[in-house]
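Peer 1: Got a structure for you, questions after.
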Amino acid sequence: MTVAVYPGSFDPVTLGHFDIIERSSAIMDKVIVAVLNNNSKTPLFSVEERVKMLVDVTRHFPNVEVRSFGGLLVDFVQECHAGVIVRGLRAVTDFEYELQMAQTNHVIAPEVDTVFLTTNLKYSYLSSSIVKEIAMYGGDISAFVHPLVAERIRAKLTGTDPQ
Ligand code: COA
């Protein structure tokens, strides 16, 4: 059974991330989407909120689970009994950073390998920050995120978020 971990900040999950989750869930037996509890970034959404949004948009995939983690990624991968890390490559600019991470992780944990999926061309320019910036200026983000996520961003930015 091939268990993969797809890690990231997911602040919030975009359609680019969703594309990677959908495609990796078709290849792997199980995919654990791992939300980083990252103190070095100031997120718009709490870890719990990010996990909830991911759960809501992925609930129709029976082999996808969403969890949060802190500390080293490879420790979490081992805790999950997973052997694979999935990462999306959007453009050549992602490559150097991703190569460094994959190689470092492989040195720390030789039994863990990283698999790269090329991001759908439709989303190769996308990032969570860009979505938040467009939303902050009142722009239409419906082409970039799930409707449910768009609603949560709007609520968060207008202070009408019930959470
Ligand atoms: N579609 C759309 N956007 C994408 C994307 C895709 N397929 N893939 C990445 N992105 C965007 C994200 O939205 C994010 O945008 P933002 O910076 O505007 O928030 C950006 O690309 C970075 O992606 P993300 O997956 O969040 O990477 P990260 O660099 O924040 O985190 C971890 C990467 C979690 C894998 C890494 O930080 C980690 O492993 N941390 C744990 C500590 C550790 O083990 N460190 C040693 C590593 S060698």
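We name chains A, B, ... following the order of the structure tokens; residues begin at 1 in each chain, and ligands are numbered from 1 as shown.
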Can you tell me which residues sit at most 8 Å away from ligand 1, counting only C-alpha atoms and all ligand atoms, written as JSON, numbers by chain?

Peer 2: {"A": [6, 7, 8, 9, 10, 11, 12, 13, 14, 15, 16, 17, 18, 19, 20, 34, 35, 36, 38, 70, 71, 72, 73, 74, 75, 87, 88, 89, 90, 100, 101, 102, 103, 104, 105, 118, 119, 120, 123, 124, 125, 126, 127, 128, 129, 130]}

Peer 1: Could you save those same residues with N, CA and C atoms as a compact mmCIF listing (two decimals), in the first residue's frame?

Peer 2:
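File written: selection_34.txt
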# COMPACT_ATOMS: atom_id res chain seq x y z
N TYR A 6 1.07 14.89 1.28
CA TYR A 6 1.15 16.11 0.46
C TYR A 6 1.16 17.30 1.42
N PRO A 7 2.35 17.86 1.71
CA PRO A 7 2.45 18.92 2.71
C PRO A 7 2.37 20.32 2.11
N GLY A 8 1.99 21.28 2.94
CA GLY A 8 1.99 22.67 2.50
C GLY A 8 1.38 23.55 3.56
N SER A 9 1.35 24.84 3.26
CA SER A 9 0.74 25.79 4.19
C SER A 9 -0.77 25.86 3.98
N PHE A 10 -1.21 25.77 2.74
CA PHE A 10 -2.64 25.75 2.39
C PHE A 10 -3.40 26.89 3.05
N ASP A 11 -2.89 28.11 2.89
CA ASP A 11 -3.52 29.28 3.55
C ASP A 11 -4.10 30.25 2.53
N PRO A 12 -5.18 29.91 1.85
CA PRO A 12 -5.96 28.68 1.94
C PRO A 12 -5.66 27.76 0.75
N VAL A 13 -6.33 26.59 0.74
CA VAL A 13 -6.22 25.65 -0.39
C VAL A 13 -6.77 26.33 -1.64
N THR A 14 -6.00 26.21 -2.75
CA THR A 14 -6.45 26.78 -4.03
C THR A 14 -6.81 25.63 -4.99
N LEU A 15 -7.32 25.99 -6.16
CA LEU A 15 -7.63 24.95 -7.15
C LEU A 15 -6.36 24.27 -7.66
N GLY A 16 -5.23 24.99 -7.56
CA GLY A 16 -3.94 24.39 -7.94
C GLY A 16 -3.58 23.26 -6.99
N HIS A 17 -3.75 23.49 -5.69
CA HIS A 17 -3.52 22.43 -4.70
C HIS A 17 -4.51 21.29 -4.94
N PHE A 18 -5.77 21.67 -5.17
CA PHE A 18 -6.82 20.67 -5.34
C PHE A 18 -6.51 19.73 -6.51
N ASP A 19 -5.98 20.32 -7.57
CA ASP A 19 -5.60 19.52 -8.75
C ASP A 19 -4.54 18.47 -8.38
N ILE A 20 -3.57 18.89 -7.56
CA ILE A 20 -2.51 17.96 -7.13
C ILE A 20 -3.11 16.86 -6.23
N ALA A 34 -1.16 17.34 4.50
CA ALA A 34 -0.57 17.74 5.79
C ALA A 34 -0.40 19.25 5.85
N VAL A 35 -1.15 19.86 6.75
CA VAL A 35 -1.14 21.32 6.88
C VAL A 35 -0.07 21.72 7.89
N LEU A 36 0.88 22.51 7.41
CA LEU A 36 1.99 22.91 8.28
C LEU A 36 1.56 23.99 9.28
N ASN A 38 2.92 26.57 10.85
CA ASN A 38 4.16 27.29 10.59
C ASN A 38 4.17 28.65 11.29
N GLY A 70 3.54 19.78 12.91
CA GLY A 70 4.57 20.76 13.21
C GLY A 70 5.89 20.03 13.22
N GLY A 71 6.97 20.75 13.24
CA GLY A 71 8.28 20.08 13.28
C GLY A 71 8.72 19.63 11.91
N LEU A 72 9.57 18.61 11.90
CA LEU A 72 10.15 18.15 10.63
C LEU A 72 9.14 17.33 9.83
N LEU A 73 9.11 17.62 8.54
CA LEU A 73 8.19 16.90 7.66
C LEU A 73 8.47 15.39 7.66
N VAL A 74 9.75 15.01 7.59
CA VAL A 74 10.06 13.58 7.51
C VAL A 74 9.63 12.83 8.78
N ASP A 75 9.65 13.52 9.92
CA ASP A 75 9.16 12.87 11.16
C ASP A 75 7.67 12.57 11.03
N ARG A 87 4.80 16.66 -4.08
CA ARG A 87 4.89 18.11 -4.21
C ARG A 87 4.50 18.48 -5.64
N GLY A 88 3.91 19.66 -5.79
CA GLY A 88 3.57 20.15 -7.13
C GLY A 88 4.65 21.10 -7.62
N LEU A 89 4.98 21.00 -8.90
CA LEU A 89 5.93 21.94 -9.51
C LEU A 89 5.16 22.84 -10.45
N ARG A 90 5.14 24.13 -10.13
CA ARG A 90 4.37 25.06 -10.97
C ARG A 90 5.18 25.57 -12.14
N GLN A 100 16.16 21.03 -3.38
CA GLN A 100 16.88 21.11 -2.11
C GLN A 100 16.10 20.42 -0.99
N MET A 101 14.80 20.67 -0.94
CA MET A 101 13.98 20.04 0.10
C MET A 101 13.95 18.53 -0.06
N ALA A 102 13.74 18.08 -1.31
CA ALA A 102 13.63 16.64 -1.57
C ALA A 102 14.94 15.94 -1.21
N GLN A 103 16.05 16.55 -1.60
CA GLN A 103 17.34 15.92 -1.34
C GLN A 103 17.65 15.92 0.16
N THR A 104 17.35 17.03 0.83
CA THR A 104 17.60 17.09 2.28
C THR A 104 16.74 16.05 3.00
N ASN A 105 15.48 16.01 2.64
CA ASN A 105 14.58 15.04 3.29
C ASN A 105 15.06 13.60 3.05
N THR A 118 3.57 17.82 -12.06
CA THR A 118 3.56 19.16 -12.66
C THR A 118 2.16 19.73 -12.50
N THR A 119 2.11 20.94 -11.99
CA THR A 119 0.83 21.60 -11.77
C THR A 119 0.12 21.82 -13.11
N ASN A 120 -1.18 21.64 -13.10
CA ASN A 120 -1.99 21.93 -14.27
C ASN A 120 -1.65 23.34 -14.79
N TYR A 123 -3.16 26.51 -13.61
CA TYR A 123 -2.90 27.05 -12.27
C TYR A 123 -1.41 27.30 -12.02
N SER A 124 -0.61 27.34 -13.08
CA SER A 124 0.84 27.40 -12.87
C SER A 124 1.29 28.75 -12.31
N TYR A 125 0.46 29.75 -12.36
CA TYR A 125 0.80 31.10 -11.87
C TYR A 125 0.26 31.34 -10.46
N LEU A 126 -0.50 30.37 -9.97
CA LEU A 126 -1.32 30.61 -8.77
C LEU A 126 -0.56 30.42 -7.46
N SER A 127 -0.89 31.23 -6.46
CA SER A 127 -0.42 30.97 -5.10
C SER A 127 -1.49 31.44 -4.14
N SER A 128 -1.42 30.98 -2.92
CA SER A 128 -2.41 31.39 -1.91
C SER A 128 -2.33 32.90 -1.67
N SER A 129 -1.11 33.45 -1.69
CA SER A 129 -0.95 34.89 -1.44
C SER A 129 -1.64 35.72 -2.51
N ILE A 130 -1.50 35.29 -3.77
CA ILE A 130 -2.13 36.04 -4.87
C ILE A 130 -3.65 36.06 -4.69

Peer 1: Apply DSSP to the structure's backbone, then extract all residues of region 5-163 of chain A labelled alpha helix (DSSP H) and return them as a PyMOL selection string.

Peer 2: chain A and resi 15-27+47-58+73-79+92-108+128-136+147-158

Peer 1: What's the 10 Å shell around Ile27 (chain A), counting only C-alpha atoms, without same-chain residues fewer than 4 positions away, as a count of residues only?

Peer 2: 5

Peer 1: Neighbours of Ile134 (chain A) within 12 Å (only C-alpha atoms; same-chain residues fewer than 2 positions away dropped), as a ChimeraX atom specification?

Peer 2: /A:126-132,136-145,150,153-154,157

Peer 1: Measuring atom to atom with only C-alpha atoms, identify which of A:Leu148, A:Lys30, A:Asp113, A:Ser68 is nearest to Ser46 (chain A).

Peer 2: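 The answer is A:Ser68, which sits nearest to Ser46 (chain A).
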
Peer 1: Which one is closest to Met1 (chain A): A:Ile21, A:Met28, A:Leu121, A:Val66? Count only C-alpha atoms.

Peer 2: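 Going through A:Ile21, A:Met28, A:Leu121, A:Val66 one by one, the smallest distance to Met1 (chain A) is for A:Met28.
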
Peer 1: Measuring between only C-alpha atoms, which one of A:Ser40, A:Ser25, A:Thr93, A:Thr114 shows the shortest distance to Glu65 (chain A)?

Peer 2: A:Ser25

Peer 1: Would you mind listing what lies within 10 Å of Glu111 (chain A) as a ChimeraX atom specification, with only C-alpha atoms counted and same-chain residues fewer than 3 positions away left out?

Peer 2: /A:74,78,82-84,105-108

Peer 1: Considering only C-alpha atoms, can you say which of A:Thr42, A:Thr158, A:Ser24, A:Asn37 comes closest to Asn63 (chain A)?

Peer 2: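 That would be A:Ser24, the residue with the smallest distance to Asn63 (chain A).
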
Peer 1: Smallest atom-to-atom distance to Leu54 (chain A): which of A:Ile85, A:Val33, A:Ala26, A:Cys80, using only C-alpha atoms?

Peer 2: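 Nearest to Leu54 (chain A): A:Val33.
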
Peer 1: Work out how far CA of Ile32 (chain A) is from CA of His146 (chain A), in Å to one decimal.

Peer 2: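 These two atoms are separated by 19.5 Å.
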